[in-house]
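Peer 1: File name work01.cif; file contents mmCIF, C-alpha atoms; full text below.
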data_query
#
loop_
_atom_site.label_atom_id
_atom_site.label_comp_id
_atom_site.auth_asym_id
_atom_site.auth_seq_id
_atom_site.Cartn_x
_atom_site.Cartn_y
_atom_site.Cartn_z
CA TYR Q 1 -59.97 -18.77 -10.71
CA GLU Q 2 -62.76 -17.41 -8.52
CA ALA Q 3 -66.26 -17.17 -9.92
CA TYR Q 4 -68.69 -14.35 -9.12
CA GLY Q 5 -71.78 -15.13 -11.14
CA LEU Q 6 -70.55 -15.25 -14.72
CA LYS Q 7 -67.51 -13.14 -13.90
CA LEU Q 8 -64.19 -14.88 -13.30
CA ARG Q 9 -61.34 -13.41 -11.27
CA ARG Q 10 -57.71 -14.45 -10.97
CA LYS Q 11 -54.28 -13.12 -10.03
CA LEU Q 12 -51.33 -13.09 -12.42
CA MET Q 13 -47.68 -12.67 -11.53
CA ILE Q 14 -45.74 -10.63 -14.10
CA SER Q 15 -42.10 -9.61 -14.29
CA PRO Q 16 -40.86 -6.07 -13.61
CA ALA Q 17 -40.05 -5.75 -17.34
CA GLN Q 18 -43.61 -6.74 -18.29
CA ALA Q 19 -44.97 -4.18 -15.83
CA VAL Q 20 -42.80 -1.37 -17.18
CA LEU Q 21 -42.93 -2.11 -20.91
CA GLY Q 22 -46.26 -3.92 -21.23
CA ASP Q 23 -46.77 -7.31 -22.83
CA THR Q 24 -49.36 -9.73 -24.16
CA VAL Q 25 -49.87 -12.97 -22.24
CA ARG Q 26 -51.88 -15.96 -23.45
CA LEU Q 27 -54.26 -17.27 -20.76
CA ASP Q 28 -56.13 -20.57 -20.90
CA VAL Q 29 -59.55 -20.26 -19.30
CA PHE Q 30 -61.03 -23.74 -19.04
CA GLY Q 31 -59.72 -24.68 -22.48
CA THR Q 32 -60.42 -21.33 -24.15
CA PRO Q 33 -57.36 -19.20 -24.96
CA PHE Q 34 -57.46 -15.44 -24.37
CA ASP Q 35 -54.78 -12.81 -24.97
CA LEU Q 36 -54.39 -10.50 -22.00
CA VAL Q 37 -52.83 -7.15 -22.84
CA ILE Q 38 -50.69 -5.85 -19.98
CA PRO Q 39 -50.53 -2.06 -20.37
CA PRO Q 40 -47.14 -0.32 -20.05
CA GLY Q 41 -46.60 1.17 -16.61
CA SER Q 42 -48.80 -1.37 -14.81
CA GLN Q 43 -48.66 -1.05 -11.04
CA PRO Q 44 -49.03 -3.89 -8.52
CA GLY Q 45 -52.68 -4.67 -7.98
CA ARG Q 46 -53.83 -3.22 -11.30
CA LEU Q 47 -57.03 -4.78 -12.60
CA VAL Q 48 -57.15 -5.73 -16.28
CA GLU Q 49 -60.42 -6.96 -17.76
CA VAL Q 50 -61.02 -9.29 -20.70
CA ASP Q 51 -64.48 -8.81 -22.18
CA ASN Q 52 -66.40 -12.08 -22.56
CA GLY Q 53 -63.57 -14.04 -20.92
CA GLY Q 54 -65.71 -15.39 -18.09
CA LEU Q 55 -68.30 -18.11 -17.73
CA SER Q 56 -71.19 -18.51 -20.11
CA TRP Q 57 -74.78 -19.46 -19.35
CA LYS Q 58 -77.95 -19.18 -21.37
CA GLY Q 59 -76.31 -17.15 -24.13
CA LYS Q 60 -74.67 -14.68 -21.77
CA ARG Q 61 -70.95 -14.50 -21.05
CA GLY Q 62 -69.23 -12.76 -18.17
CA ASN Q 63 -65.88 -10.99 -18.14
CA LEU Q 64 -62.51 -12.13 -16.84
CA GLU Q 65 -60.84 -9.83 -14.29
CA VAL Q 66 -57.10 -10.27 -13.84
CA ARG Q 67 -55.29 -8.62 -10.92
CA LEU Q 68 -51.60 -8.02 -11.74
CA TRP Q 69 -48.84 -8.63 -9.21
CA ILE Q 70 -45.17 -7.91 -9.82
CA ASP Q 71 -42.84 -10.85 -9.25
CA VAL Q 72 -39.74 -9.12 -7.87
CA PRO Q 73 -36.80 -11.53 -8.03
CA VAL Q 74 -35.13 -12.28 -4.72
CA PHE Q 75 -31.83 -13.18 -6.39
CA VAL Q 76 -30.50 -12.24 -9.82
CA GLU Q 77 -27.21 -13.11 -11.42
CA GLY Q 78 -25.34 -12.86 -14.66
CA GLN Q 79 -26.64 -10.66 -17.45
CA LYS Q 80 -29.89 -9.87 -15.62
CA ARG Q 81 -27.95 -8.54 -12.62
CA ASP Q 82 -25.75 -6.45 -14.93
CA LEU Q 83 -28.84 -4.96 -16.57
CA TYR Q 84 -30.48 -4.15 -13.23
CA GLU Q 85 -27.23 -2.47 -12.09
CA GLN Q 86 -27.14 -0.39 -15.29
CA LEU Q 87 -30.76 0.62 -14.79
CA LEU Q 88 -30.08 1.62 -11.18
CA ALA Q 89 -27.09 3.71 -12.28
CA LEU Q 90 -29.25 5.48 -14.89
CA GLU Q 91 -31.99 6.17 -12.32
CA ARG Q 92 -29.44 7.63 -9.89
CA SER Q 93 -28.03 9.94 -12.56
CA GLU Q 94 -31.41 11.48 -13.46
#
Produce structure tokens that represent the structure in this file.

Peer 2:
Amino acid sequence: YEAYGLKLRRKLMISPAQAVLGDTVRLDVFGTPFDLVIPPGSQPGRLVEVDNGGLSWKGKRGNLEVRLWIDVPVFVEGQKRDLYEQLLALERSE
């Protein structure tokens, strides 16, 4: 995490499937759990904000900013490879 006043920032690696379909990820911010909603169609570098997920001081609480990065696998095998090949074939046929 990086702090900017009461605001916290971090990066989060997500899978290609999470980027395409969306997902909810549980984050632990210094012992406090937050659910981060990853919107469908998220692009690399997208910024998602969690209200009141940052640091607190004197009754005020900042937000948490999460920058999404897509973790593209270098090597896939088995069923995952089969599924990626099927997806590629569908994309080529469109």

Peer 1: Could you pull the residues within 9 Å of Val48 (chain Q), counting all atoms listed in the file, minus those fewer than 3 positions along the same chain, as a ChimeraX atom specification?

Peer 2: /Q:36-39,64-68

Peer 1: Tell me, in Å to one decimal, how far CA of Glu49 (chain Q) is from CA of Asn63 (chain Q).

Peer 2: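 Taking CA of Glu49 (chain Q) as the start and CA of Asn63 (chain Q) as the end point, the length is 6.8 Å.
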
Peer 1: Draw an axis-aligned box over all listed atoms of region 6-12 of chain Q, pad each side with 3 Å, and write its centre and edge lengths in Å, one decimal, as lines of an AutoDock Vina configuration file.

Peer 2:
center_x = -60.9
center_y = -14.2
center_z = -12.4
size_x = 25.2
size_y = 8.2
size_z = 10.7

Peer 1: State, in Å with one decimal place, the distance from CA of Pro16 (chain Q) to CA of Pro73 (chain Q).

Peer 2: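 CA of Pro73 (chain Q) lies at a distance of 8.8 Å from CA of Pro16 (chain Q).
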
Peer 1: My list of candidates is Q:Lys60, Q:Val50, Q:Pro40, Q:Arg92. Which is closest to Arg26 (chain Q) when distances are computed with all atoms listed in the file?

Peer 2: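 Checking each of Q:Lys60, Q:Val50, Q:Pro40, Q:Arg92 against Arg26 (chain Q), counting all atoms listed in the file, the winner is Q:Val50.
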
Peer 1: Could you tell me how far CA of Leu55 (chain Q) lies from CA of Tyr4 (chain Q), in Å and to one decimal?

Peer 2: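 Taking CA of Leu55 (chain Q) as the start and CA of Tyr4 (chain Q) as the end point, the length is 9.4 Å.
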
Peer 1: Can you list, as a PyMOL selection string, every protein, DNA or RNA residue that comes within 12 Å of Val20 (chain Q) when you count all atoms listed in the file, leaving out same-chain residues fewer than 2 positions away?

Peer 2: chain Q and resi 14-18+22-23+38-44+70

Peer 1: Taking all atoms listed in the file into account, name the residue in Q:Trp69, Q:Ala89, Q:Val76, Q:Ser56 that is nearest to Met13 (chain Q).

Peer 2: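 The closest residue to Met13 (chain Q) is Q:Trp69.
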
Peer 1: Which is closest to Pro33 (chain Q) among Q:Gly78, Q:Gly54, Q:Gly5, Q:Gly59, if we use all atoms listed in the file?

Peer 2: Q:Gly54

Peer 1: Show me, as a list of chain:residue names, the residues that have an atom within 10 Å of Leu27 (chain Q) when counting all atoms listed in the file, minus same-chain residues fewer than 4 positions from it.

Peer 2: Q:Leu12, Q:Gly31, Q:Thr32, Q:Pro33, Q:Phe34, Q:Asp35, Q:Leu36, Q:Gly53

Peer 1: I'd like to know which of Q:Arg61, Q:Val74, Q:Leu87, Q:Val29 is closest to Arg10 (chain Q), using only C-alpha atoms.

Peer 2: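 For Arg10 (chain Q), the nearest of the candidates is Q:Val29.
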
Peer 1: Write a file for region 8-45 of chain Q, containing N, CA, C and O atoms (output as a short mmCIF file (atom, residue, chain, number, x, y, z; two decimals), in the first residue's frame).

Peer 2:
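New file part-v2.cif:
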data_model
loop_
_atom_site.label_atom_id
_atom_site.label_comp_id
_atom_site.auth_asym_id
_atom_site.auth_seq_id
_atom_site.Cartn_x
_atom_site.Cartn_y
_atom_site.Cartn_z
N LEU Q 8 -5.38 5.54 0.48
CA LEU Q 8 -4.45 4.44 0.25
C LEU Q 8 -4.54 4.02 -1.21
O LEU Q 8 -5.62 4.02 -1.79
N ARG Q 9 -3.39 3.64 -1.77
CA ARG Q 9 -3.36 3.13 -3.14
C ARG Q 9 -2.61 1.80 -3.16
O ARG Q 9 -1.66 1.62 -2.43
N ARG Q 10 -3.07 0.92 -4.04
CA ARG Q 10 -2.38 -0.35 -4.26
C ARG Q 10 -2.68 -0.89 -5.65
O ARG Q 10 -3.64 -0.46 -6.29
N LYS Q 11 -1.88 -1.85 -6.08
CA LYS Q 11 -2.11 -2.54 -7.34
C LYS Q 11 -2.65 -3.93 -7.02
O LYS Q 11 -2.35 -4.50 -5.98
N LEU Q 12 -3.45 -4.47 -7.93
CA LEU Q 12 -4.00 -5.80 -7.76
C LEU Q 12 -3.95 -6.54 -9.08
O LEU Q 12 -4.44 -6.05 -10.10
N MET Q 13 -3.32 -7.71 -9.06
CA MET Q 13 -3.29 -8.57 -10.24
C MET Q 13 -4.57 -9.39 -10.27
O MET Q 13 -4.96 -9.99 -9.26
N ILE Q 14 -5.24 -9.40 -11.43
CA ILE Q 14 -6.44 -10.21 -11.60
C ILE Q 14 -6.27 -11.08 -12.84
O ILE Q 14 -5.43 -10.80 -13.70
N SER Q 15 -7.06 -12.11 -12.92
CA SER Q 15 -6.96 -13.03 -14.06
C SER Q 15 -7.72 -12.45 -15.26
O SER Q 15 -8.58 -11.58 -15.11
N PRO Q 16 -7.42 -12.96 -16.47
CA PRO Q 16 -8.19 -12.52 -17.64
C PRO Q 16 -9.69 -12.77 -17.46
O PRO Q 16 -10.51 -11.94 -17.85
N ALA Q 17 -10.06 -13.89 -16.85
CA ALA Q 17 -11.48 -14.19 -16.64
C ALA Q 17 -12.13 -13.18 -15.71
O ALA Q 17 -13.25 -12.73 -15.95
N GLN Q 18 -11.42 -12.78 -14.65
CA GLN Q 18 -11.95 -11.77 -13.74
C GLN Q 18 -12.12 -10.44 -14.46
O GLN Q 18 -13.09 -9.72 -14.23
N ALA Q 19 -11.19 -10.11 -15.35
CA ALA Q 19 -11.26 -8.85 -16.09
C ALA Q 19 -12.46 -8.85 -17.04
O ALA Q 19 -13.17 -7.85 -17.14
N VAL Q 20 -12.69 -9.95 -17.70
CA VAL Q 20 -13.78 -10.04 -18.68
C VAL Q 20 -15.15 -10.13 -17.99
O VAL Q 20 -16.08 -9.39 -18.33
N LEU Q 21 -15.27 -11.01 -17.02
CA LEU Q 21 -16.57 -11.31 -16.42
C LEU Q 21 -16.89 -10.47 -15.19
O LEU Q 21 -18.05 -10.37 -14.80
N GLY Q 22 -15.86 -9.90 -14.56
CA GLY Q 22 -16.06 -9.21 -13.29
C GLY Q 22 -15.99 -10.20 -12.15
O GLY Q 22 -16.09 -11.41 -12.34
N ASP Q 23 -15.81 -9.70 -10.94
CA ASP Q 23 -15.66 -10.56 -9.78
C ASP Q 23 -15.72 -9.69 -8.53
O ASP Q 23 -15.70 -8.46 -8.62
N THR Q 24 -15.78 -10.33 -7.39
CA THR Q 24 -15.65 -9.64 -6.11
C THR Q 24 -14.48 -10.27 -5.38
O THR Q 24 -14.41 -11.50 -5.26
N VAL Q 25 -13.56 -9.44 -4.92
CA VAL Q 25 -12.34 -9.91 -4.26
C VAL Q 25 -12.31 -9.33 -2.85
O VAL Q 25 -12.55 -8.13 -2.67
N ARG Q 26 -12.01 -10.15 -1.87
CA ARG Q 26 -11.90 -9.69 -0.48
C ARG Q 26 -10.46 -9.19 -0.26
O ARG Q 26 -9.50 -9.91 -0.49
N LEU Q 27 -10.34 -7.94 0.16
CA LEU Q 27 -9.05 -7.34 0.49
C LEU Q 27 -8.96 -7.12 1.98
O LEU Q 27 -9.95 -6.76 2.63
N ASP Q 28 -7.77 -7.33 2.54
CA ASP Q 28 -7.52 -7.05 3.95
C ASP Q 28 -6.66 -5.79 4.01
O ASP Q 28 -5.53 -5.79 3.54
N VAL Q 29 -7.22 -4.73 4.57
CA VAL Q 29 -6.49 -3.47 4.68
C VAL Q 29 -6.18 -3.25 6.16
O VAL Q 29 -7.04 -2.81 6.92
N PHE Q 30 -4.98 -3.62 6.54
CA PHE Q 30 -4.52 -3.47 7.92
C PHE Q 30 -5.52 -4.07 8.91
O PHE Q 30 -5.89 -3.45 9.90
N GLY Q 31 -5.98 -5.28 8.60
CA GLY Q 31 -6.89 -5.99 9.50
C GLY Q 31 -8.36 -5.74 9.26
O GLY Q 31 -9.21 -6.37 9.89
N THR Q 32 -8.69 -4.84 8.35
CA THR Q 32 -10.09 -4.56 8.04
C THR Q 32 -10.42 -5.13 6.67
O THR Q 32 -9.79 -4.76 5.68
N PRO Q 33 -11.40 -6.05 6.59
CA PRO Q 33 -11.75 -6.63 5.29
C PRO Q 33 -12.66 -5.70 4.48
O PRO Q 33 -13.55 -5.05 5.03
N PHE Q 34 -12.40 -5.65 3.18
CA PHE Q 34 -13.23 -4.89 2.24
C PHE Q 34 -13.47 -5.76 1.03
O PHE Q 34 -12.58 -6.49 0.59
N ASP Q 35 -14.69 -5.68 0.47
CA ASP Q 35 -14.99 -6.37 -0.78
C ASP Q 35 -14.79 -5.39 -1.92
O ASP Q 35 -15.43 -4.33 -1.95
N LEU Q 36 -13.91 -5.74 -2.84
CA LEU Q 36 -13.66 -4.93 -4.02
C LEU Q 36 -14.43 -5.54 -5.18
O LEU Q 36 -14.23 -6.70 -5.52
N VAL Q 37 -15.29 -4.76 -5.78
CA VAL Q 37 -16.06 -5.22 -6.95
C VAL Q 37 -15.28 -4.88 -8.21
O VAL Q 37 -15.02 -3.71 -8.48
N ILE Q 38 -14.89 -5.91 -8.95
CA ILE Q 38 -14.20 -5.74 -10.22
C ILE Q 38 -15.28 -5.71 -11.30
O ILE Q 38 -15.96 -6.72 -11.52
N PRO Q 39 -15.45 -4.59 -11.97
CA PRO Q 39 -16.51 -4.51 -12.99
C PRO Q 39 -16.19 -5.38 -14.22
O PRO Q 39 -15.02 -5.52 -14.58
N PRO Q 40 -17.21 -5.94 -14.85
CA PRO Q 40 -16.98 -6.68 -16.10
C PRO Q 40 -16.35 -5.77 -17.14
O PRO Q 40 -16.66 -4.57 -17.20
N GLY Q 41 -15.46 -6.32 -17.94
CA GLY Q 41 -14.82 -5.56 -19.00
C GLY Q 41 -13.70 -4.66 -18.51
O GLY Q 41 -13.31 -3.71 -19.21
N SER Q 42 -13.16 -4.94 -17.33
CA SER Q 42 -12.07 -4.11 -16.79
C SER Q 42 -10.82 -4.22 -17.66
O SER Q 42 -10.42 -5.31 -18.05
N GLN Q 43 -10.23 -3.07 -17.95
CA GLN Q 43 -9.03 -3.00 -18.76
C GLN Q 43 -7.80 -2.85 -17.85
O GLN Q 43 -7.93 -2.38 -16.72
N PRO Q 44 -6.62 -3.25 -18.33
CA PRO Q 44 -5.41 -3.06 -17.53
C PRO Q 44 -5.24 -1.59 -17.15
O PRO Q 44 -5.45 -0.70 -17.96
N GLY Q 45 -4.92 -1.37 -15.89
CA GLY Q 45 -4.72 -0.02 -15.40
C GLY Q 45 -5.97 0.66 -14.88
O GLY Q 45 -5.90 1.79 -14.39
#
